[in-house]
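Worksheet: one structure, shown below.
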Amino acid sequence: MARVTLQSIADRVGVSRMTVSNAFSRPDQLSAELRANILAVAAELGYTGPDPAARSLATGTSGAIGVLWTQPLRLALSDAVTARFLGAVADELSTDGLALTMLPPTVPAHDVAMDGAIAYSCASDAPPVEWLRRRGVPVVAVDMAGDDGVRVTIDDRGGARRAAAYLRGLGHGRVAILTPQPDGGRHRVGAERLAGWLDGLGGVKPVVSFVQVFGDNREAIIDLLQRHRPTAVLCVSDLVAAEVLAAAGELGLDVPGELSVVGFDDHPVAAGLGLTTVVQDPDAKGRAAAHALRQLLAHRIDPDTPEPADVELGVELVVRRSTGPAPDAG
């Protein structure tokens with residue numbers, strides 16, 4: 001039996017070989033009806049698609065986009081905010097026939113074939129990021145510090161500032177902050193949010209306690225609440241804020257009568273807990289990252305194509321039942 005090729009399918013459908021190729025690798029270039037017809041004929045002839053290795057050799061591309069996150073991937077896949085971001089990236093790039101390749105921190109970034117990469121919330125000097133730079137891979141940095149390359153961020157500092165100013169306006173003078181351990185600005189998000197909280201609190205001097213973004217902080221939070229007796233807590237994420245609410249329940253503290261709690265991100269748990277939080281849109285962030293990478297790839301093919309600009313997405317403060325006037329505000 002003769003081997004089925006793209007040309008075999010093209011001859012049967014009555015289109016060009018390139019049109020058949022686009023049906024597999026660039027579906028956005030065809031109408032849905034024509035693509036369905038081509039795929040049906042291919043299936044009838046027993047053709048499963050172009051050989052990826054051969055296509056890579058012929059085009060000099062892999063058809064894959066790397067996503068680098070230096071935390072364990074089980075955390076990325078279990079965290080709803082990160083999962084929404086990744087889903088938006090995948091949906092946006094799938095229209096170009098591009099697939100996502102997750103890059104675990106244990107797999108050397110120099111060993112994986114990719115046309116471009118999205119580095120997500122990594123330390124600016126992380127070794128995998130350095131390898132991508134050395135390879136000359138087009139990189140979009142999301143929620144990261146540094147001035148080199150293209151960055152997609154949210155207004156972390158502005159959102160934190162509004163949250164802190166809101167608590168100050170409610171009369172809170174004993175405020176605690178729960179944030180990751182400072183690392184010299186290598187991780188942008190924690191540093192920006194801390195700076196924003198300090199801006200918004202003005203003359204109020206907070207107690208700053210360090211927590212793990214992904215981890216069990218129960219003992220540290222209970223110690224903070226018992227030792228310092230804050231009337232309000234600003235948290236680096238909604239998951240940390242949820243831990244504060246649970247600890248307050250254990251200690252018999254009324255929320256918001258005795259303790260106001262503010263999170264960040266608007267994680268799915270936030271609304272159910274009635275948590276006041278700073279809302280970001282991870283879907284918009286994913287789409288912006290994919291669009292910027294698409295522009296970078298186009299610029300690599302045609303240097304006359306404009307390079308993408310940095311993107312900073314807005315955030316907003318949403319007030320729910322976890323915050324109220326300070327108990328000693330009079």
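Identifiers for the structure tokens are assigned positionally: chains receive A, B, ... in sequence, residues are indexed from 1 per chain, and ligands are indexed from 1 in the order shown.
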Run DSSP on the backbone of this structure and report the residues of stretch 92-280 of chain A it assigns to strand (DSSP E or B), as a ChimeraX atom specification.
/A:99-103,116-120,139-142,150-154,175-179,207-210,232-235,260-265,276-279
What are the DSSP helix (DSSP H, G or I) residues of stretch 64-283 of chain A, as a PyMOL selection string?
chain A and resi 73-78+80-94+109-111+127-135+156-169+188-201+218-228+238-251+268-273+282-283
Write out as a list in words which residues come within 10 Å of A:Asp79 when counting only C-alpha atoms, dropping same-chain ones fewer than 6 positions away.
Leu73, Phe214, Leu239, His267 and Pro268 of chain A
Tell me which protein, DNA and RNA residues are within 9 Å of stretch 6-12 of chain A, counting only C-alpha atoms, leaving out same-chain ones fewer than 6 positions away, and put them as a PyMOL selection string.
chain A and resi 18-21+38+41-42+45+47+49-50
Identify which of the residues A:Val150, A:Val255, A:Val279, A:Val240 lies closest to A:Leu317, counting only C-alpha atoms when measuring atom-to-atom distances.
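The closest residue to A:Leu317 is A:Val279.
Closest approach to A:Trp131 from the set A:Ala43, A:Leu68, A:Gly263, A:Ala191 is made by A:Leu68, with distances taken over only C-alpha atoms.
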Pairwise distance for atom CA of A:Asp147 and atom CA of A:Val129, rounded to one decimal in Å:
13.7 Å
Neighbouring residues of stretch 172-174 of chain A were defined as those with any atom within 7 Å, considering only C-alpha atoms; residues of the same chain fewer than 4 positions away were excluded. Please report them as a ChimeraX atom specification.
/A:167-168,204,206,230-232,326
Have a look at atom CA of A:Val311 and atom CA of A:Arg151 and let me know their distance in Å, one decimal.
6.4 Å
Option closest in space to A:Gly63, from A:Val211, A:Leu259, A:Leu297, A:Val4 [counting only C-alpha atoms]:
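Nearest candidate to A:Gly63 out of A:Val211, A:Leu259, A:Leu297, A:Val4: A:Leu297.
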Spatial neighbours of A:Val233, max dist 8 Å, only C-alpha atoms, sep filter under 4 positions, as a PyMOL selection string
chain A and resi 175-178+259-262
